[in-house]
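Peer 1: Mind looking over this structure? Questions follow.
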Amino acid sequence: ITRSLRMLGALGSGESPTVNETADALVALNGLLESWRNEKLLVYATVESTLTMVAADASYTVGTSGNLNITRPVKFEDAFMRISDTDTPVRLIEQDEWDAIPDKTVTSPLVELAFYNPTMTTSQGTLQVYPVPSATNVLHLTHWIVLESLAAATETVLLPPGYDRAVSSNLALECAPE
């Protein structure tokens with residue numbers, strides 16, 4: 001925040017922003033990070049998480065304290081099931097394909113399709129699988145790791161190489177009109 005305000009000429013070298021300037025810039029920073037996150041611009045890594053599926057359960061919550069207890073992702077990149085050291089791809093589909101499945105009660109030990117609704121109005125998304133699992137198996141899901149919003153201006157953030165300049169410069173542009 002201090003660097004961005006110096007870039008704007010709002011602060012001189014060695015000066016610190018006021019409490020109000022810091023609070024305003026933090027709001028602008030979080031807005032910037034949120035917009036970048038939605039465009040995959042802040043994705044600096046992907047990670048694989050595992051979800052133990054329960055027989056006869058086709059719907060799972062994704063997010064803090066959910067069936068898949070991770071920070072709720074905007075989307076999943078890849079999915080597969082591993083059974084006895086054999087990986088079987090699971091195709092990730094969109095809402096229209098999910099809606100086109102006429103009988104969502106079909107069961108099978110292998111999941112073929114998965115639809116993820118991030119449900120941005122709640123803290124958890126929903127992952128639906130098809131066919132309904134008839135056995136307990138593990139689903140592997142690859143999702144984005146992104147820079148999260150900051151709770152306070154004093155929060156320490158470890159940035160991948162090159163991100164400090166991009167964030168600082170763009171925060172200066174966000175703060176300029178204010």
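Letters for chains follow the order of the structure tokens (A, B, ...), residue numbers begin at 1 for each chain, and ligand numbers begin at 1 in the order shown.
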Quick one: everything within 7 Å of Cys175 (chain A), counting only C-alpha atoms, minus sequence neighbours fewer than 4 positions away in the same chain. Send it as number ranges by chain.
Peer 2: A: 25, 28, 171
Peer 1: So which residues touch Leu68 (chain A) within 12 Å, counting only C-alpha atoms, skipping near sequence neighbours fewer than 2 positions away, as a compact mmCIF listing (two decimals) with all heavy atoms, in the first residue's frame?
Peer 2:
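File selection-v1.txt, as written:
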```txt
# COMPACT_ATOMS: atom_id res chain seq x y z
N GLU A 48 -3.64 -30.36 -5.84
CA GLU A 48 -4.57 -31.48 -5.91
C GLU A 48 -5.11 -31.75 -4.51
O GLU A 48 -4.36 -31.86 -3.55
CB GLU A 48 -3.85 -32.72 -6.43
CG GLU A 48 -4.73 -33.92 -6.59
CD GLU A 48 -3.97 -35.13 -7.10
OE1 GLU A 48 -3.37 -35.01 -8.18
OE2 GLU A 48 -3.97 -36.16 -6.41
N SER A 49 -6.42 -31.83 -4.41
CA SER A 49 -7.09 -32.19 -3.16
C SER A 49 -7.85 -33.48 -3.40
O SER A 49 -8.20 -33.80 -4.53
CB SER A 49 -8.06 -31.09 -2.72
OG SER A 49 -7.37 -29.90 -2.44
N THR A 50 -8.11 -34.20 -2.33
CA THR A 50 -8.86 -35.45 -2.47
C THR A 50 -10.16 -35.39 -1.68
O THR A 50 -10.22 -34.80 -0.61
CB THR A 50 -8.03 -36.65 -1.99
OG1 THR A 50 -7.64 -36.45 -0.63
CG2 THR A 50 -6.79 -36.85 -2.84
N LEU A 51 -11.17 -36.00 -2.27
CA LEU A 51 -12.49 -36.07 -1.65
C LEU A 51 -12.89 -37.54 -1.58
O LEU A 51 -12.96 -38.21 -2.60
CB LEU A 51 -13.51 -35.29 -2.50
CG LEU A 51 -14.98 -35.43 -2.11
CD1 LEU A 51 -15.24 -34.81 -0.74
CD2 LEU A 51 -15.86 -34.79 -3.17
N THR A 52 -13.13 -38.02 -0.37
CA THR A 52 -13.61 -39.39 -0.21
C THR A 52 -15.11 -39.38 -0.44
O THR A 52 -15.86 -38.75 0.31
CB THR A 52 -13.27 -39.95 1.18
OG1 THR A 52 -11.85 -39.91 1.35
CG2 THR A 52 -13.77 -41.37 1.33
N MET A 53 -15.52 -40.03 -1.50
CA MET A 53 -16.94 -40.08 -1.84
C MET A 53 -17.61 -41.20 -1.07
O MET A 53 -17.00 -42.23 -0.77
CB MET A 53 -17.11 -40.26 -3.34
CG MET A 53 -16.59 -39.06 -4.12
SD MET A 53 -16.93 -39.18 -5.87
CE MET A 53 -16.07 -40.66 -6.27
N SER A 59 -23.77 -35.51 -4.06
CA SER A 59 -23.58 -34.09 -3.85
C SER A 59 -22.68 -33.85 -2.65
O SER A 59 -22.89 -34.43 -1.58
CB SER A 59 -24.94 -33.42 -3.64
OG SER A 59 -24.79 -32.03 -3.48
N TYR A 60 -21.67 -32.97 -2.84
CA TYR A 60 -20.69 -32.70 -1.80
C TYR A 60 -20.46 -31.20 -1.68
O TYR A 60 -20.41 -30.49 -2.69
CB TYR A 60 -19.36 -33.40 -2.14
CG TYR A 60 -19.53 -34.89 -2.28
CD1 TYR A 60 -19.87 -35.46 -3.50
CD2 TYR A 60 -19.39 -35.72 -1.18
CE1 TYR A 60 -20.05 -36.83 -3.62
CE2 TYR A 60 -19.58 -37.10 -1.30
CZ TYR A 60 -19.91 -37.64 -2.52
OH TYR A 60 -20.11 -38.99 -2.64
N THR A 61 -20.29 -30.73 -0.45
CA THR A 61 -20.00 -29.31 -0.24
C THR A 61 -18.49 -29.10 -0.35
O THR A 61 -17.68 -29.93 0.05
CB THR A 61 -20.50 -28.83 1.13
OG1 THR A 61 -19.95 -29.66 2.15
CG2 THR A 61 -22.02 -28.86 1.19
N VAL A 62 -18.13 -27.93 -0.91
CA VAL A 62 -16.74 -27.57 -1.11
C VAL A 62 -16.52 -26.20 -0.48
O VAL A 62 -17.18 -25.23 -0.85
CB VAL A 62 -16.38 -27.51 -2.61
CG1 VAL A 62 -14.94 -27.08 -2.80
CG2 VAL A 62 -16.65 -28.85 -3.28
N GLY A 63 -15.62 -26.14 0.46
CA GLY A 63 -15.33 -24.88 1.15
C GLY A 63 -15.02 -25.15 2.60
O GLY A 63 -15.05 -26.30 3.06
N THR A 64 -14.74 -24.11 3.33
CA THR A 64 -14.40 -24.24 4.74
C THR A 64 -15.47 -25.03 5.48
O THR A 64 -16.65 -24.72 5.39
CB THR A 64 -14.22 -22.85 5.38
OG1 THR A 64 -13.26 -22.12 4.59
CG2 THR A 64 -13.73 -22.95 6.80
N SER A 65 -15.05 -26.08 6.15
CA SER A 65 -15.91 -26.99 6.92
C SER A 65 -16.83 -27.84 6.04
O SER A 65 -17.76 -28.45 6.54
CB SER A 65 -16.73 -26.25 7.97
OG SER A 65 -15.88 -25.57 8.86
N GLY A 66 -16.58 -27.89 4.73
CA GLY A 66 -17.40 -28.70 3.84
C GLY A 66 -16.86 -30.12 3.73
O GLY A 66 -15.89 -30.49 4.39
N ILE A 70 -11.52 -27.03 1.95
CA ILE A 70 -10.49 -26.16 1.38
C ILE A 70 -11.12 -24.78 1.21
O ILE A 70 -12.32 -24.63 1.35
CB ILE A 70 -10.01 -26.69 0.00
CG1 ILE A 70 -11.18 -26.78 -0.99
CG2 ILE A 70 -9.31 -28.03 0.14
CD1 ILE A 70 -10.77 -27.15 -2.42
N THR A 71 -10.30 -23.79 0.93
CA THR A 71 -10.86 -22.49 0.57
C THR A 71 -11.65 -22.70 -0.71
O THR A 71 -11.15 -23.28 -1.66
CB THR A 71 -9.74 -21.46 0.33
OG1 THR A 71 -8.99 -21.32 1.54
CG2 THR A 71 -10.32 -20.11 -0.07
N ARG A 72 -12.91 -22.25 -0.71
CA ARG A 72 -13.79 -22.50 -1.85
C ARG A 72 -13.15 -21.98 -3.14
O ARG A 72 -12.91 -20.79 -3.30
CB ARG A 72 -15.13 -21.82 -1.64
CG ARG A 72 -16.10 -22.08 -2.80
CD ARG A 72 -17.31 -21.21 -2.75
NE ARG A 72 -16.88 -19.82 -2.85
CZ ARG A 72 -17.54 -18.80 -2.32
NH1 ARG A 72 -18.65 -18.99 -1.67
NH2 ARG A 72 -17.09 -17.57 -2.44
N PRO A 73 -12.86 -22.88 -4.10
CA PRO A 73 -12.27 -22.43 -5.36
C PRO A 73 -13.32 -21.85 -6.30
O PRO A 73 -14.51 -22.17 -6.18
CB PRO A 73 -11.67 -23.71 -5.95
CG PRO A 73 -12.50 -24.81 -5.38
CD PRO A 73 -12.96 -24.34 -4.03
N GLN A 124 -19.74 -21.95 0.78
CA GLN A 124 -19.42 -23.25 0.22
C GLN A 124 -20.03 -23.41 -1.17
O GLN A 124 -21.11 -22.92 -1.44
CB GLN A 124 -19.96 -24.38 1.11
CG GLN A 124 -19.30 -24.44 2.47
CD GLN A 124 -19.85 -25.56 3.32
OE1 GLN A 124 -20.96 -26.02 3.10
NE2 GLN A 124 -19.07 -25.99 4.29
N GLY A 125 -19.30 -24.11 -2.02
CA GLY A 125 -19.82 -24.48 -3.32
C GLY A 125 -20.36 -25.90 -3.25
O GLY A 125 -20.29 -26.56 -2.21
N THR A 126 -20.90 -26.38 -4.37
CA THR A 126 -21.45 -27.73 -4.42
C THR A 126 -20.85 -28.48 -5.60
O THR A 126 -20.83 -27.97 -6.72
CB THR A 126 -22.98 -27.67 -4.59
OG1 THR A 126 -23.53 -26.89 -3.53
CG2 THR A 126 -23.58 -29.06 -4.52
N LEU A 127 -20.37 -29.68 -5.33
CA LEU A 127 -19.85 -30.55 -6.36
C LEU A 127 -20.84 -31.70 -6.53
O LEU A 127 -21.15 -32.40 -5.57
CB LEU A 127 -18.48 -31.10 -5.97
CG LEU A 127 -17.82 -32.03 -6.99
CD1 LEU A 127 -17.36 -31.23 -8.21
CD2 LEU A 127 -16.66 -32.78 -6.37
N VAL A 138 -12.10 -42.50 -3.88
CA VAL A 138 -11.49 -41.18 -3.70
C VAL A 138 -11.44 -40.46 -5.04
O VAL A 138 -10.98 -41.00 -6.04
CB VAL A 138 -10.07 -41.31 -3.11
CG1 VAL A 138 -9.40 -39.94 -3.01
CG2 VAL A 138 -10.13 -41.97 -1.74
N LEU A 139 -11.96 -39.24 -5.03
CA LEU A 139 -11.93 -38.36 -6.19
C LEU A 139 -10.80 -37.36 -5.98
O LEU A 139 -10.70 -36.72 -4.93
CB LEU A 139 -13.27 -37.63 -6.34
CG LEU A 139 -13.43 -36.67 -7.50
CD1 LEU A 139 -13.35 -37.42 -8.83
CD2 LEU A 139 -14.75 -35.93 -7.40
N HIS A 140 -9.93 -37.23 -6.98
CA HIS A 140 -8.83 -36.28 -6.94
C HIS A 140 -9.23 -35.07 -7.78
O HIS A 140 -9.64 -35.22 -8.93
CB HIS A 140 -7.55 -36.91 -7.50
CG HIS A 140 -7.05 -38.06 -6.68
ND1 HIS A 140 -5.92 -37.98 -5.92
CD2 HIS A 140 -7.54 -39.31 -6.49
CE1 HIS A 140 -5.72 -39.13 -5.30
NE2 HIS A 140 -6.70 -39.95 -5.65
N LEU A 141 -9.11 -33.88 -7.19
CA LEU A 141 -9.52 -32.65 -7.87
C LEU A 141 -8.36 -31.65 -7.87
O LEU A 141 -7.75 -31.40 -6.82
CB LEU A 141 -10.71 -32.03 -7.15
CG LEU A 141 -11.99 -32.86 -7.18
CD1 LEU A 141 -12.86 -32.57 -5.97
CD2 LEU A 141 -12.73 -32.59 -8.46
N HIS A 143 -7.27 -27.80 -8.33
CA HIS A 143 -7.87 -26.46 -8.29
C HIS A 143 -6.79 -25.41 -8.16
O HIS A 143 -5.63 -25.71 -7.88
CB HIS A 143 -8.91 -26.35 -7.16
CG HIS A 143 -8.36 -26.69 -5.81
ND1 HIS A 143 -7.85 -25.76 -4.97
CD2 HIS A 143 -8.26 -27.87 -5.17
CE1 HIS A 143 -7.44 -26.34 -3.84
NE2 HIS A 143 -7.67 -27.63 -3.95
```
Peer 1: Taking only C-alpha atoms into account, name the residue in A:Thr105, A:Thr46, A:Ser4, A:Thr119 that is nearest to Phe76 (chain A).
Peer 2: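 Selected residue with least distance to Phe76 (chain A): A:Thr46.
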Peer 1: Between CA of Asp78 (chain A) and CA of Ala114 (chain A), measure the distance and give it in Å to one decimal.
Peer 2: 10.0 Å
Peer 1: Just list the residues in region 19-163 of chain A DSSP gives strand (DSSP E or B) on the backbone, as a PyMOL selection string.
Peer 2: chain A and resi 43-52+59-63+68+76-83+86-89+91-93+107-108+113-117+124-130+132-133+138-146
Peer 1: With only C-alpha atoms as the atoms that count, which of A:Ser123, A:Asn137, A:Ser35, A:Asn117 lies nearest to Glu174 (chain A)?
Peer 2: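 Using only C-alpha atoms, the shortest distance to Glu174 (chain A) belongs to A:Ser35.
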Peer 1: List every residue of chain A that DSSP, applied to the backbone of this structure, assigns to alpha helix (DSSP H), and report them as an MDAnalysis selection string.
Peer 2: chainID A and resid 2:8 19:38 95:99 163:175
Peer 1: Taking 6 positions as the minimum chain separation for residues in the same chain, which residues sit within 7 Å of region 84-91 of chain A when counting only C-alpha atoms? Answer as a list in words.
Peer 2: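 So, after excluding close chain neighbours, the residues are Val111, Glu112, Leu113 and Ala114 of chain A.
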Peer 1: Since we have the selection now, will you write its residues out, keeping N, CA, C and O atoms, as a compact mmCIF listing (two decimals), in the first residue's frame?
Peer 2:
```txt
# COMPACT_ATOMS: atom_id res chain seq x y z
N VAL A 111 -17.22 -42.73 -11.13
CA VAL A 111 -17.82 -41.46 -11.50
C VAL A 111 -17.27 -41.06 -12.86
O VAL A 111 -16.07 -41.19 -13.12
N GLU A 112 -18.12 -40.60 -13.75
CA GLU A 112 -17.69 -40.20 -15.09
C GLU A 112 -17.69 -38.69 -15.27
O GLU A 112 -16.87 -38.14 -16.01
N LEU A 113 -18.65 -38.00 -14.62
CA LEU A 113 -18.82 -36.56 -14.79
C LEU A 113 -18.89 -35.87 -13.43
O LEU A 113 -19.37 -36.47 -12.45
N ALA A 114 -18.48 -34.62 -13.41
CA ALA A 114 -18.61 -33.81 -12.20
C ALA A 114 -18.97 -32.39 -12.61
O ALA A 114 -18.43 -31.85 -13.56
```
Peer 1: Neighbouring residues of region 98-104 of chain A were defined as those with any atom within 8 Å, considering only C-alpha atoms; residues of the same chain fewer than 2 positions away were excluded. Please report them as a PyMOL selection string.
Peer 2: chain A and resi 93-96+106+115+130-132
Peer 1: Keeping only C-alpha atoms, write the selected residues to a file as a PDB file, in the first residue's frame.
Peer 2:
```
ATOM      1  CA  ILE A  93     -18.880 -30.258 -17.114  1.00  0.00           C
ATOM      2  CA  GLU A  94     -20.821 -27.004 -17.111  1.00  0.00           C
ATOM      3  CA  GLN A  95     -24.367 -26.306 -15.874  1.00  0.00           C
ATOM      4  CA  ASP A  96     -26.032 -26.920 -19.256  1.00  0.00           C
ATOM      5  CA  VAL A 106     -27.986 -44.018 -12.110  1.00  0.00           C
ATOM      6  CA  PHE A 115     -20.337 -30.430 -12.098  1.00  0.00           C
ATOM      7  CA  TYR A 130     -22.572 -38.654 -12.046  1.00  0.00           C
ATOM      8  CA  PRO A 131     -23.258 -41.502 -11.903  1.00  0.00           C
ATOM      9  CA  VAL A 132     -24.038 -41.688  -8.188  1.00  0.00           C
TER      10      VAL A 132
END
```
Peer 1: I'd like the interatomic distance between CA of Glu34 (chain A) and CA of Thr18 (chain A), to a tenth of an Å.
Peer 2: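 A separation of 24.2 Å between them.
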